[in-house]
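Asker: Following this line is run34.cif, made up of mmCIF, C-alpha atoms:
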```cif
data_run
loop_
_atom_site.label_atom_id
_atom_site.label_comp_id
_atom_site.auth_asym_id
_atom_site.auth_seq_id
_atom_site.Cartn_x
_atom_site.Cartn_y
_atom_site.Cartn_z
CA MET B 314 30.93 84.25 100.65
CA HIS B 315 33.76 82.12 99.40
CA SER B 316 33.57 83.51 95.90
CA THR B 317 33.51 87.08 97.17
CA SER B 318 36.73 86.61 99.14
CA GLN B 319 38.28 84.94 96.10
CA GLN B 320 37.24 87.89 94.00
CA ASN B 321 38.70 90.26 96.56
CA SER B 322 42.01 88.44 96.62
CA HIS B 323 42.07 88.46 92.81
CA GLN B 324 41.55 92.15 92.91
CA THR B 325 44.32 92.65 95.47
CA VAL B 326 46.73 90.56 93.45
CA SER B 327 46.03 92.42 90.24
CA GLU B 328 46.32 95.73 92.11
CA ALA B 329 49.62 94.67 93.58
CA LEU B 330 50.82 93.59 90.16
CA LEU B 331 49.85 96.91 88.68
CA LEU B 332 51.69 98.73 91.44
CA LEU B 333 54.79 96.58 90.87
CA GLN B 334 54.68 97.27 87.16
CA LYS B 335 54.40 100.98 87.83
CA GLN B 336 57.33 100.90 90.24
CA HIS B 337 59.38 98.88 87.81
CA ALA B 338 58.70 101.37 85.04
CA LEU B 339 59.71 104.21 87.33
CA LEU B 340 62.95 102.48 88.32
CA LEU B 341 63.75 101.71 84.70
CA GLU B 342 63.13 105.32 83.71
CA ASP B 343 65.38 106.40 86.55
CA GLN B 344 68.18 104.04 85.47
CA LEU B 345 67.88 105.12 81.82
CA ALA B 346 68.11 108.78 82.84
CA GLY B 347 71.24 107.92 84.83
CA ARG B 348 72.70 106.07 81.88
CA GLN B 349 72.09 109.04 79.61
CA LEU B 350 73.70 111.40 82.10
CA GLN B 351 76.77 109.16 82.30
CA GLN B 352 77.01 109.22 78.51
CA GLN B 353 76.70 113.00 78.39
CA ILE B 354 79.39 113.48 81.00
CA ARG B 355 81.96 111.43 79.09
CA PRO B 356 84.35 113.32 76.79
CA THR B 357 83.61 113.78 73.09
CA THR B 358 84.49 110.84 70.85
CA PRO B 359 86.20 110.93 68.42
CA TRP B 360 88.33 113.87 69.55
CA GLN B 361 91.64 115.27 68.35
CA ALA B 362 94.28 117.39 70.05
CA GLN B 363 97.85 118.15 69.03
CA GLY B 364 97.78 115.53 66.30
CA ILE B 365 96.57 112.77 68.63
CA ASP B 366 93.23 111.06 67.97
CA PHE B 367 91.12 109.88 70.89
CA ALA B 368 88.23 107.41 70.60
CA HIS B 369 86.36 105.46 73.25
CA CYS B 370 83.38 103.29 74.02
CA VAL B 371 81.77 102.26 77.31
CA ILE B 372 79.30 99.38 77.56
CA PRO B 373 77.45 99.12 80.88
CA ALA B 374 76.68 95.61 82.14
CA LEU B 375 73.16 96.80 82.96
CA TYR B 376 72.30 100.50 82.80
CA LEU B 377 74.78 102.33 84.98
CA THR B 378 78.49 101.65 84.96
CA GLY B 379 81.44 101.93 87.31
CA ASP B 380 83.81 102.13 84.33
CA SER B 381 84.80 105.64 83.44
CA LEU B 382 87.32 107.57 81.42
CA ASP B 383 88.27 111.13 80.69
CA TYR B 384 90.77 113.12 78.61
CA PHE B 385 91.51 116.83 78.39
CA VAL B 386 94.25 119.45 77.96
CA LEU B 387 96.15 120.33 81.15
CA PRO B 388 96.74 124.02 82.00
CA ASP B 389 100.38 123.60 80.87
CA GLY B 390 99.27 122.28 77.46
CA ARG B 391 99.99 118.56 77.95
CA LEU B 392 97.20 115.98 77.49
CA LEU B 393 95.87 113.98 80.42
CA LEU B 394 93.82 110.80 80.14
CA TYR B 395 92.65 108.03 82.41
CA LEU B 396 90.52 104.91 82.34
CA ALA B 397 89.10 103.64 85.63
CA ASP B 398 87.13 100.68 86.92
CA VAL B 399 85.23 101.04 90.21
CA SER B 400 84.84 97.77 92.15
CA GLY B 401 81.36 96.27 92.15
CA HIS B 402 78.57 97.14 89.72
CA GLY B 403 75.49 99.26 89.39
CA THR B 404 74.37 102.50 90.92
CA ALA B 405 76.82 102.78 93.83
CA SER B 406 79.81 102.10 91.58
CA ALA B 407 78.46 104.54 89.01
CA LEU B 408 78.17 107.24 91.66
CA ILE B 409 81.81 106.69 92.68
CA SER B 410 82.85 106.89 89.02
CA MET B 411 81.19 110.31 88.74
CA LEU B 412 82.92 111.42 91.93
CA LEU B 413 86.21 110.26 90.44
CA LYS B 414 85.89 112.53 87.42
CA ASN B 415 85.15 115.50 89.62
CA THR B 416 88.05 114.69 91.97
CA VAL B 417 90.57 114.47 89.12
CA ARG B 418 89.40 117.76 87.63
CA GLU B 419 89.41 119.40 91.06
CA PHE B 420 93.03 118.25 91.52
CA ILE B 421 94.02 119.72 88.16
CA PHE B 422 91.91 122.88 87.95
CA GLY B 423 90.89 123.54 91.56
CA ALA B 424 92.24 126.17 93.93
CA HIS B 425 94.77 123.69 95.31
CA ALA B 426 96.26 123.12 91.84
CA SER B 427 97.19 126.73 91.14
CA ARG B 428 99.10 127.02 94.43
CA SER B 429 101.30 124.01 93.79
CA ASP B 430 104.61 124.45 91.93
CA ALA B 431 105.26 120.77 91.27
CA PRO B 432 104.04 119.69 87.82
CA VAL B 433 101.19 117.21 87.66
CA THR B 434 102.31 113.65 86.96
CA PRO B 435 100.11 110.54 86.62
CA ALA B 436 101.43 109.26 89.98
CA THR B 437 100.47 112.51 91.76
CA VAL B 438 96.93 112.16 90.35
CA LEU B 439 96.71 108.59 91.68
CA ALA B 440 98.09 109.54 95.10
CA TYR B 441 95.53 112.36 95.37
CA LEU B 442 92.67 110.08 94.30
CA ASN B 443 93.79 107.50 96.86
CA GLN B 444 93.66 110.00 99.72
CA ARG B 445 90.31 111.44 98.62
CA LEU B 446 88.63 108.05 98.15
CA LEU B 447 89.85 106.84 101.54
CA THR B 448 88.08 109.74 103.24
CA TYR B 449 84.74 108.62 101.72
CA ASP B 450 85.04 105.18 103.36
CA SER B 451 82.76 103.80 100.65
CA ASP B 452 83.75 100.10 100.63
CA ARG B 453 84.61 100.68 96.98
CA HIS B 454 88.05 100.87 95.44
CA VAL B 455 89.14 101.86 91.97
CA THR B 456 91.72 100.42 89.61
CA LEU B 457 92.93 102.80 86.93
CA ILE B 458 95.57 103.85 84.48
CA CYS B 459 96.45 107.52 84.26
CA ALA B 460 98.69 108.90 81.51
CA ILE B 461 100.01 112.25 80.30
CA VAL B 462 101.09 112.89 76.71
CA ASP B 463 103.67 115.62 76.16
CA THR B 464 103.66 116.29 72.41
CA VAL B 465 106.40 118.96 72.68
CA GLN B 466 108.97 116.61 74.20
CA ASN B 467 107.23 113.66 72.56
CA LEU B 468 107.01 111.76 75.85
CA LEU B 469 104.40 109.49 77.36
CA PHE B 470 104.12 109.36 81.17
CA TRP B 471 101.87 106.87 82.91
CA SER B 472 101.11 105.25 86.24
CA VAL B 473 99.10 102.13 87.08
CA ALA B 474 96.86 101.56 90.11
CA GLY B 475 96.03 97.84 90.38
CA HIS B 476 94.63 97.79 86.87
CA LEU B 477 94.28 94.77 84.63
CA PRO B 478 94.86 94.58 81.68
CA ALA B 479 97.86 96.88 81.30
CA PRO B 480 97.78 99.44 78.47
CA VAL B 481 98.80 98.08 75.05
CA LEU B 482 101.15 100.12 72.86
CA TYR B 483 101.09 99.37 69.15
CA SER B 484 103.89 100.64 66.97
CA ALA B 485 105.67 99.48 63.80
CA GLY B 486 103.50 96.38 63.43
CA ARG B 487 104.00 95.20 67.01
CA ALA B 488 101.81 95.43 70.11
CA ALA B 489 102.98 94.98 73.71
CA PHE B 490 101.82 95.71 77.24
CA LEU B 491 103.32 98.71 79.00
CA ARG B 492 105.10 97.97 82.29
CA GLY B 493 104.14 99.27 85.69
CA LYS B 494 102.00 98.38 88.67
CA GLY B 495 100.70 99.78 91.92
CA GLN B 496 97.87 99.19 94.35
CA PRO B 497 94.28 100.26 93.53
CA VAL B 498 93.19 103.65 94.88
CA GLY B 499 90.86 103.77 97.87
CA LEU B 500 92.22 100.76 99.77
CA PHE B 501 95.58 101.42 101.39
CA GLU B 502 96.61 104.63 103.10
CA HIS B 503 100.30 104.13 102.33
CA ALA B 504 99.97 103.05 98.70
CA LYS B 505 102.80 104.38 96.50
CA TYR B 506 102.50 105.16 92.81
CA ASN B 507 105.36 105.33 90.32
CA ASP B 508 105.63 107.34 87.13
CA GLU B 509 106.81 105.46 84.09
CA GLN B 510 107.89 107.23 80.92
CA MET B 511 108.90 106.51 77.36
CA LEU B 512 109.63 108.30 74.10
CA LEU B 513 106.53 108.24 71.90
CA PRO B 514 107.03 106.71 68.45
CA ASP B 515 106.02 108.91 65.53
CA ALA B 516 103.23 106.48 64.60
CA PHE B 517 101.51 104.58 67.40
CA SER B 518 98.29 103.67 69.12
CA LEU B 519 97.77 103.19 72.85
CA SER B 520 94.79 101.11 74.02
CA LEU B 521 93.36 101.09 77.54
CA PHE B 522 90.66 98.68 78.69
CA SER B 523 88.68 97.80 81.79
CA ASP B 524 88.89 94.14 82.83
CA GLY B 525 85.42 93.44 81.39
CA ILE B 526 87.16 93.23 78.02
CA LEU B 527 88.80 89.98 79.08
CA GLU B 528 85.35 88.36 79.31
CA VAL B 529 84.64 88.86 75.60
CA LEU B 530 87.81 87.06 74.54
CA PRO B 531 87.24 83.38 73.67
CA GLU B 532 90.22 81.95 75.59
CA LYS B 533 89.46 79.98 78.71
CA HIS B 534 91.77 81.43 81.34
CA LEU B 535 92.50 84.95 82.45
CA ILE B 536 96.20 84.57 81.65
CA THR B 537 95.58 83.31 78.12
CA ARG B 538 92.93 85.99 77.52
CA GLU B 539 95.37 88.62 78.66
CA ALA B 540 98.04 87.27 76.32
CA ALA B 541 95.55 87.31 73.41
CA LEU B 542 94.92 91.05 73.72
CA PRO B 543 98.18 92.40 72.20
CA LYS B 544 97.86 89.80 69.42
CA LEU B 545 94.38 91.05 68.60
CA ILE B 546 95.55 94.67 68.60
CA SER B 547 98.47 93.76 66.41
CA ALA B 548 96.11 92.06 63.93
CA ALA B 549 93.89 95.17 64.03
CA GLN B 550 96.99 97.28 63.30
CA GLY B 551 96.22 99.35 66.37
CA ASP B 552 93.16 100.88 64.72
CA TYR B 553 90.20 101.74 67.01
CA ALA B 554 87.45 100.68 64.60
CA GLN B 555 89.20 97.42 63.80
CA ILE B 556 89.77 96.63 67.49
CA VAL B 557 86.06 97.27 68.19
CA GLU B 558 85.15 94.97 65.32
CA ARG B 559 87.53 92.17 66.26
CA LEU B 560 86.31 92.24 69.87
CA GLY B 561 82.69 92.22 68.68
CA LEU B 562 81.91 95.22 70.89
CA ALA B 563 79.26 96.61 68.54
CA ASN B 564 76.91 93.77 69.46
CA CYS B 565 77.68 93.50 73.15
CA SER B 566 74.79 93.54 75.58
CA ASN B 567 74.00 91.88 78.91
CA MET B 568 77.66 91.37 79.67
CA PRO B 569 78.62 90.05 83.13
CA ASP B 570 80.84 93.09 83.63
CA ASP B 571 81.07 96.69 82.38
CA ILE B 572 83.41 97.25 79.44
CA ALA B 573 85.37 100.40 78.70
CA MET B 574 87.95 101.01 76.00
CA LEU B 575 89.99 104.08 75.11
CA VAL B 576 92.37 104.29 72.17
CA LEU B 577 94.65 107.20 71.35
CA SER B 578 96.64 107.16 68.16
CA ARG B 579 98.82 109.21 65.85
CA ASN B 580 99.86 108.80 62.21
CA LEU B 581 98.46 105.28 61.88
CA ALA B 582 98.81 103.99 58.31
CA MET I 936 76.36 85.22 95.25
CA SER I 937 76.91 82.91 92.32
CA ASP I 938 78.50 79.44 92.29
CA GLY I 939 81.15 80.55 94.74
CA LYS I 940 81.39 80.06 98.49
CA ILE I 941 83.02 81.99 101.29
CA GLN I 942 83.62 79.87 104.38
CA CYS I 943 85.44 80.29 107.63
CA ALA I 944 86.88 78.10 110.36
CA GLU I 945 88.74 78.60 113.59
CA TYR I 946 91.70 76.39 114.26
CA ASN I 947 93.78 76.79 117.41
CA ASP I 948 94.63 80.48 117.37
CA THR I 949 94.14 80.95 113.67
CA PHE I 950 91.17 82.36 111.78
CA VAL I 951 90.79 80.69 108.41
CA LEU I 952 88.85 82.24 105.53
CA LYS I 953 88.31 80.04 102.51
CA CYS I 954 86.92 81.07 99.13
CA VAL I 955 85.83 78.43 96.63
CA GLY I 956 84.76 78.53 92.99
CA ASP I 957 83.48 81.58 91.17
CA VAL I 958 83.37 84.11 93.97
CA ARG I 959 81.19 87.16 93.40
CA LEU I 960 80.01 89.28 96.28
CA THR I 961 77.24 91.82 96.39
CA PHE I 962 77.14 92.75 100.07
CA CYS I 963 80.68 93.41 101.10
CA SER I 964 80.12 95.67 104.11
CA ALA I 965 77.83 93.17 105.90
CA LEU I 966 80.41 90.43 105.46
CA ASN I 967 83.13 92.79 106.62
CA GLU I 968 81.26 93.48 109.84
CA LYS I 969 80.57 89.80 110.38
CA ILE I 970 84.26 88.92 110.08
CA GLU I 971 85.27 91.79 112.32
CA LYS I 972 82.79 90.54 114.92
CA ILE I 973 84.24 87.02 114.83
CA LEU I 974 87.77 88.38 115.14
CA LYS I 975 86.77 90.53 118.12
CA ALA I 976 85.09 87.64 119.91
CA HIS I 977 88.16 85.36 119.84
CA SER I 978 91.81 85.77 120.63
CA PHE I 979 93.33 84.77 117.32
CA LYS I 980 97.02 85.09 116.62
CA SER I 981 96.82 85.16 112.87
CA ILE I 982 94.59 85.14 109.80
CA VAL I 983 95.00 82.82 106.86
CA ILE I 984 93.09 83.08 103.58
CA ASP I 985 92.78 80.12 101.24
CA LEU I 986 92.19 80.93 97.57
CA THR I 987 93.60 77.65 96.23
CA GLU I 988 90.16 76.44 95.07
CA VAL I 989 89.05 79.72 93.54
CA ILE I 990 88.27 79.81 89.82
CA SER I 991 87.54 83.52 89.58
CA ILE I 992 87.20 86.34 92.07
CA ASP I 993 85.45 89.69 91.71
CA SER I 994 86.66 93.13 92.71
CA THR I 995 84.30 93.37 95.69
CA THR I 996 85.78 90.22 97.26
CA LEU I 997 89.29 91.54 96.61
CA GLY I 998 88.28 94.70 98.46
CA LEU I 999 87.15 92.54 101.38
CA LEU I 1000 90.53 90.77 101.46
CA ALA I 1001 92.30 94.13 101.46
CA LYS I 1002 90.27 95.15 104.51
CA LEU I 1003 91.33 91.92 106.23
CA SER I 1004 94.96 92.78 105.56
CA ILE I 1005 94.58 96.18 107.22
CA LEU I 1006 92.71 94.64 110.15
CA SER I 1007 95.31 91.89 110.66
CA ARG I 1008 98.22 94.30 110.64
CA ARG I 1009 96.45 96.50 113.19
CA LYS I 1010 95.42 93.62 115.44
CA PHE I 1011 98.30 91.16 115.23
CA GLY I 1012 101.19 93.30 114.00
CA MET I 1013 101.45 91.06 110.98
CA LEU I 1014 99.80 90.53 107.63
CA PRO I 1015 97.47 87.63 106.80
CA THR I 1016 98.87 84.61 105.00
CA LEU I 1017 97.24 84.17 101.62
CA ALA I 1018 97.51 80.91 99.68
CA SER I 1019 96.92 81.01 95.93
CA THR I 1020 97.90 78.28 93.48
CA ASN I 1021 95.64 79.12 90.51
CA PRO I 1022 97.82 81.16 88.09
CA ASP I 1023 94.81 83.30 87.05
CA ILE I 1024 94.15 84.30 90.65
CA SER I 1025 97.84 84.87 91.38
CA ARG I 1026 97.95 87.17 88.33
CA VAL I 1027 95.10 89.28 89.72
CA LEU I 1028 96.69 89.45 93.19
CA ASP I 1029 99.98 90.51 91.63
CA SER I 1030 98.34 93.24 89.53
CA MET I 1031 96.74 94.65 92.69
CA GLY I 1032 100.10 94.85 94.48
CA PHE I 1033 98.85 92.36 97.11
CA ASN I 1034 102.40 90.99 97.53
CA GLN I 1035 103.01 94.09 99.68
CA VAL I 1036 100.05 93.53 102.00
CA PHE I 1037 99.87 89.74 102.35
CA ASN I 1038 102.29 86.93 103.06
CA LEU I 1039 101.65 85.19 99.77
CA VAL I 1040 102.26 81.47 99.39
CA HIS I 1041 102.00 79.97 95.94
CA THR I 1042 103.01 76.37 96.67
CA PRO I 1043 100.45 73.65 97.45
CA THR I 1044 102.62 72.43 100.35
CA PRO I 1045 104.45 74.53 102.95
CA CYS I 1046 107.92 75.47 101.77
CA PRO I 1047 110.30 77.38 104.12
CA GLU I 1048 112.64 78.35 101.28
CA CYS I 1049 109.79 80.07 99.45
CA LEU I 1050 109.36 82.66 102.21
CA ASP I 1051 112.34 84.89 101.45
CA ASP I 1052 110.35 87.66 99.84
CA LEU I 1053 107.78 88.50 102.52
CA PRO I 1054 106.78 92.15 103.02
CA GLU I 1055 108.01 94.02 106.08
CA GLN I 1056 105.72 93.98 109.14
CA ASP I 1057 105.82 94.82 112.84
CA GLN I 1058 106.71 91.30 114.03
CA SER I 1059 110.26 90.03 113.47
CA GLU I 1060 111.01 88.22 110.22
CA ALA I 1061 111.55 84.95 112.09
CA VAL I 1062 108.16 85.18 113.83
CA VAL I 1063 106.40 86.04 110.59
CA LYS I 1064 108.01 83.11 108.76
CA GLU I 1065 107.12 80.70 111.53
CA ARG I 1066 103.48 81.85 111.59
CA VAL I 1067 103.17 81.69 107.81
CA LEU I 1068 104.49 78.12 107.77
CA GLU I 1069 102.21 77.17 110.62
CA ALA I 1070 99.23 78.77 108.85
CA HIS I 1071 100.03 76.88 105.67
CA HIS I 1072 100.19 73.59 107.61
CA ILE I 1073 96.81 74.37 109.17
CA LEU I 1074 95.29 75.01 105.75
CA MET I 1075 96.56 71.70 104.48
CA SER I 1076 95.31 69.69 107.41
CA LEU I 1077 91.91 71.39 107.27
CA ASN I 1078 91.61 70.77 103.55
CA GLU I 1079 92.67 67.15 103.80
CA SER I 1080 90.58 65.81 106.62
CA ASN I 1081 88.54 68.42 108.43
CA ARG I 1082 86.39 70.02 105.79
CA ASP I 1083 83.46 69.96 108.21
CA GLU I 1084 85.21 72.56 110.32
CA PHE I 1085 84.31 75.12 107.68
CA ARG I 1086 81.01 76.92 107.92
CA ASP I 1087 79.50 79.01 105.20
CA LEU I 1088 79.86 82.70 106.05
CA VAL I 1089 77.42 83.96 103.49
CA SER I 1090 74.54 81.68 104.48
CA ALA I 1091 75.27 82.52 108.12
CA LEU I 1092 74.92 86.14 107.12
CA GLU I 1093 71.65 85.57 105.31
CA SER I 1094 70.07 83.76 108.26
CA THR I 1095 71.06 86.42 110.79
CA PRO I 1096 68.30 88.97 111.29
CA SER I 1097 69.75 92.43 110.76
#
```
As structure tokens, please, write out the structure in this file.
Answerer:
Amino acid sequence: MHSTSQQNSHQTVSEALLLLQKQHALLLEDQLAGRQLQQQIRPTTPWQAQGIDFAHCVIPALYLTGDSLDYFVLPDGRLLLYLADVSGHGTASALISMLLKNTVREFIFGAHASRSDAPVTPATVLAYLNQRLLTYDSDRHVTLICAIVDTVQNLLFWSVAGHLPAPVLYSAGRAAFLRGKGQPVGLFEHAKYNDEQMLLPDAFSLSLFSDGILEVLPEKHLITREAALPKLISAAQGDYAQIVERLGLANCSNMPDDIAMLVLSRNLA
Amino acid sequence: MSDGKIQCAEYNDTFVLKCVGDVRLTFCSALNEKIEKILKAHSFKSIVIDLTEVISIDSTTLGLLAKLSILSRRKFGMLPTLASTNPDISRVLDSMGFNQVFNLVHTPTPCPECLDDLPEQDQSEAVVKERVLEAHHILMSLNESNRDEFRDLVSALESTPS
């Protein structure tokens, strides 16, 4: 009697284990499919337009990531790019990041866009994203940097929404953070975003990161890690491959946070 | 939750939220509701948030603080007072533009002269300054002698049946 019930319970345990294993495999498959879709939806890398080279990498903390980026040619011929970091991790953040891409493209190419006479600026993109995200009431906000490159006038426009670290511009052997700040999108109804602009040097690189990058730097504090970033980019002479190498991104896995990096460059030696 | 803690205390008419250590949140909306419930159940006059013992803070917790700012402005006509003395944390708050939605204090002790740059709110400047100073005094006295007043919000959340 006793042994039979023991046998039964053994059987139930092993059945339960089998079921768990099956469910785990299914979940894993599901996550991997999501990861692949996220990869497919990102823009081509490397990519070139109007003499500017674009290259990026995204490293999810687990499978899915709330870090996202995009770049494309605007209807008026200028180049738009952004790098965004959705608060939190995992599936919900990843879903918001996908929504983000669609919302930006809808703002630029949608029916609303063709009716508007005012030219798109990075700040108008951020203001639109802020309003759209607030309507979803998702308990998730997004920090991002949005920029527009005008190769005809040779100008860079950008706007920052609560994002850390700031973009790093490398030119003539020196690297420095770009100015600018604003609140994240999806938190405050009355958030204001400012456009910054500068003349683009003939030879330069511009690097954008999500804050996960700060975790791979060896310094102890956030402030010292932040300060180390332009130094590293300077030592890498602004070159994408060298930055990836110096940060050790090729071997990154199981990071505490998602990592995203986008570098655009022109005429680098 | 990792090595961090989120605690709260009520002191006179002030609701005190205290974060300690490496604060990482995974269930923001539940905590949001819990805090809103506490605020509804009492007649507080102001909210004060203590980040002076925080080592690092994640984006989800920052989102929670932002919600508190909106709630406080709606309920009390003024923004919460937020104390931060760790330069790393102050850097993050600054990058998020939180100086516009909190009365930030960066000194370990209350300092009337440091309150000249507070954001505009519905209450008069004099009232806001007075409340911020008072809140800062409350934080100090709680931290010095009355640590028991704090209860852990997250464990309270986990033990409440949903």
Asker: Provide as a VMD selection string the residues of chain I at most 12 Å from chain B, counting only C-alpha atoms.
Answerer: chain I and resid 937 959 to 968 990 to 1006 1008 1021 to 1036
Asker: Given the PyMOL selection byres ((chain I and resi 1081-1085) around 9) and the file above, list the residues it selects as JSON, numbers by chain.
Answerer: {"I": [942, 943, 944, 945, 946, 951, 952, 953, 1076, 1077, 1078, 1079, 1080, 1086, 1087, 1088]}
Asker: Suppose you want the space between CA of Arg348 in chain B and CA of Leu562 in chain B; what is it in Å?
Answerer: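 CA of Arg348 in chain B sits 18.0 Å away from CA of Leu562 in chain B.
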Asker: Decode the PyMOL selection byres ((chain B and resi 360-366) around 6) for the given file into explicit residues and return them as a ChimeraX atom specification.
Answerer: /B:357-359,367,577-579
Asker: What residues come out when you apply the PyMOL selection byres ((chain I and resi 1058) around 10) to this file, written as a PDB file with C-alpha atoms, in the frame of the given file?
Answerer:
```pdb
ATOM      1  CA  ARG I1008      98.220  94.300 110.640  1.00  0.00           C
ATOM      2  CA  PHE I1011      98.300  91.160 115.230  1.00  0.00           C
ATOM      3  CA  GLY I1012     101.190  93.300 114.000  1.00  0.00           C
ATOM      4  CA  MET I1013     101.450  91.060 110.980  1.00  0.00           C
ATOM      5  CA  LEU I1014      99.800  90.530 107.630  1.00  0.00           C
ATOM      6  CA  GLU I1055     108.010  94.020 106.080  1.00  0.00           C
ATOM      7  CA  GLN I1056     105.720  93.980 109.140  1.00  0.00           C
ATOM      8  CA  ASP I1057     105.820  94.820 112.840  1.00  0.00           C
ATOM      9  CA  SER I1059     110.260  90.030 113.470  1.00  0.00           C
ATOM     10  CA  GLU I1060     111.010  88.220 110.220  1.00  0.00           C
ATOM     11  CA  ALA I1061     111.550  84.950 112.090  1.00  0.00           C
ATOM     12  CA  VAL I1062     108.160  85.180 113.830  1.00  0.00           C
ATOM     13  CA  VAL I1063     106.400  86.040 110.590  1.00  0.00           C
ATOM     14  CA  LYS I1064     108.010  83.110 108.760  1.00  0.00           C
TER      15      LYS I1064
END
```
Asker: In Å to one decimal, how far is CA of Pro1045 in chain I from CA of Lys969 in chain I?
Answerer: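 One can read the CA of Lys969 in chain I to CA of Pro1045 in chain I distance as 29.3 Å.
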Asker: Between CA of Gln550 in chain B and CA of Leu527 in chain B, what is the distance, to one decimal in Å?
Answerer: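 Interatomic distance here is 19.2 Å.
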Asker: Using only C-alpha atoms, which residue out of B:Leu457, B:Ala540, B:Gly486, B:Pro435 lies closest to Glu509 in chain B?
Answerer: B:Pro435
Asker: Which neighbours of Ala516 in chain B fall inside 7 Å, counting all atoms listed in the file, when residues of the same chain fewer than 2 positions from it are skipped, and could you give them as a ChimeraX atom specification?
Answerer: /B:484,514,579-581
Asker: I want to know what sits within 8 Å of Pro373 in chain B, based on only C-alpha atoms, with residues of the same chain fewer than 3 positions away left out; could you give that as a PyMOL selection string?
Answerer: chain B and resi 376-378+380+568+570-572
Asker: Give me the residues within 10 Å of Arg445 in chain B as a ChimeraX atom specification, counting all atoms listed in the file and dropping any in the same chain fewer than 5 places off.
Answerer: /B:412-413,416-417,439-440,450,498-499
Asker: For Pro480 in chain B, list every protein, DNA or RNA residue within 9 Å, evaluated using all atoms listed in the file, and leave out those in the same chain fewer than 4 positions away; present the list as a ChimeraX atom specification.
Answerer: /B:458,489-492,519-522
Asker: Between B:Gln510, B:Ser327, B:Ile372, B:Leu339, which residue has the minimum interatomic distance to Asn564 in chain B, considering all atoms listed in the file?
Answerer: B:Ile372
Asker: Contacts of Tyr483 in chain B at 8 Å or less, counting all atoms listed in the file, minus same-chain residues fewer than 4 places along, as a ChimeraX atom specification?
Answerer: /B:487-489,517-519,546-547,550-551
Asker: May I ask which of the residues I:Val989, I:Ile984, I:Leu1050, I:Ile970 is the closest one to Lys940 in chain I, counting all atoms listed in the file?
Answerer: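 Among the listed residues, I:Val989 lies closest to Lys940 in chain I.
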Asker: From the set B:Lys533, B:Ala346, B:Met511, B:Leu393, which residue has the shortest atom-to-atom contact distance to Leu482 in chain B, counting only C-alpha atoms?
Answerer: B:Met511
Asker: Which residue gives the smallest distance to Leu1039 in chain I among I:Met1075, I:Val983, I:Cys954, I:Arg1009, with all atoms listed in the file counted?
Answerer: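 Closest to Leu1039 in chain I of all the choices is I:Val983.
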Asker: Give me range 1073-1084 of chain I with N, CA and C atoms filled in, as an mmCIF file, in the frame of the given file.
Answerer:
```cif
data_model
loop_
_atom_site.group_PDB
_atom_site.id
_atom_site.type_symbol
_atom_site.label_atom_id
_atom_site.label_comp_id
_atom_site.auth_asym_id
_atom_site.auth_seq_id
_atom_site.Cartn_x
_atom_site.Cartn_y
_atom_site.Cartn_z
ATOM 1 N N ILE I 1073 98.201 74.426 108.718
ATOM 2 C CA ILE I 1073 96.810 74.370 109.170
ATOM 3 C C ILE I 1073 95.867 74.255 107.984
ATOM 4 N N LEU I 1074 96.116 75.067 106.965
ATOM 5 C CA LEU I 1074 95.290 75.010 105.750
ATOM 6 C C LEU I 1074 95.261 73.609 105.181
ATOM 7 N N MET I 1075 96.468 73.028 105.074
ATOM 8 C CA MET I 1075 96.560 71.700 104.480
ATOM 9 C C MET I 1075 95.794 70.668 105.284
ATOM 10 N N SER I 1076 95.969 70.712 106.595
ATOM 11 C CA SER I 1076 95.310 69.690 107.410
ATOM 12 C C SER I 1076 93.796 69.884 107.372
ATOM 13 N N LEU I 1077 93.344 71.139 107.347
ATOM 14 C CA LEU I 1077 91.910 71.390 107.270
ATOM 15 C C LEU I 1077 91.352 70.897 105.939
ATOM 16 N N ASN I 1078 92.098 71.156 104.873
ATOM 17 C CA ASN I 1078 91.610 70.770 103.550
ATOM 18 C C ASN I 1078 91.601 69.263 103.361
ATOM 19 N N GLU I 1079 92.568 68.594 104.007
ATOM 20 C CA GLU I 1079 92.670 67.150 103.800
ATOM 21 C C GLU I 1079 91.585 66.386 104.551
ATOM 22 N N SER I 1080 91.418 66.707 105.832
ATOM 23 C CA SER I 1080 90.580 65.810 106.620
ATOM 24 C C SER I 1080 89.438 66.495 107.347
ATOM 25 N N ASN I 1081 89.534 67.792 107.548
ATOM 26 C CA ASN I 1081 88.540 68.420 108.430
ATOM 27 C C ASN I 1081 87.669 69.433 107.719
ATOM 28 N N ARG I 1082 87.199 69.080 106.551
ATOM 29 C CA ARG I 1082 86.390 70.020 105.790
ATOM 30 C C ARG I 1082 85.144 70.470 106.543
ATOM 31 N N ASP I 1083 84.668 69.610 107.454
ATOM 32 C CA ASP I 1083 83.460 69.960 108.210
ATOM 33 C C ASP I 1083 83.672 71.150 109.135
ATOM 34 N N GLU I 1084 84.923 71.423 109.433
ATOM 35 C CA GLU I 1084 85.210 72.560 110.320
ATOM 36 C C GLU I 1084 84.760 73.874 109.692
#
```
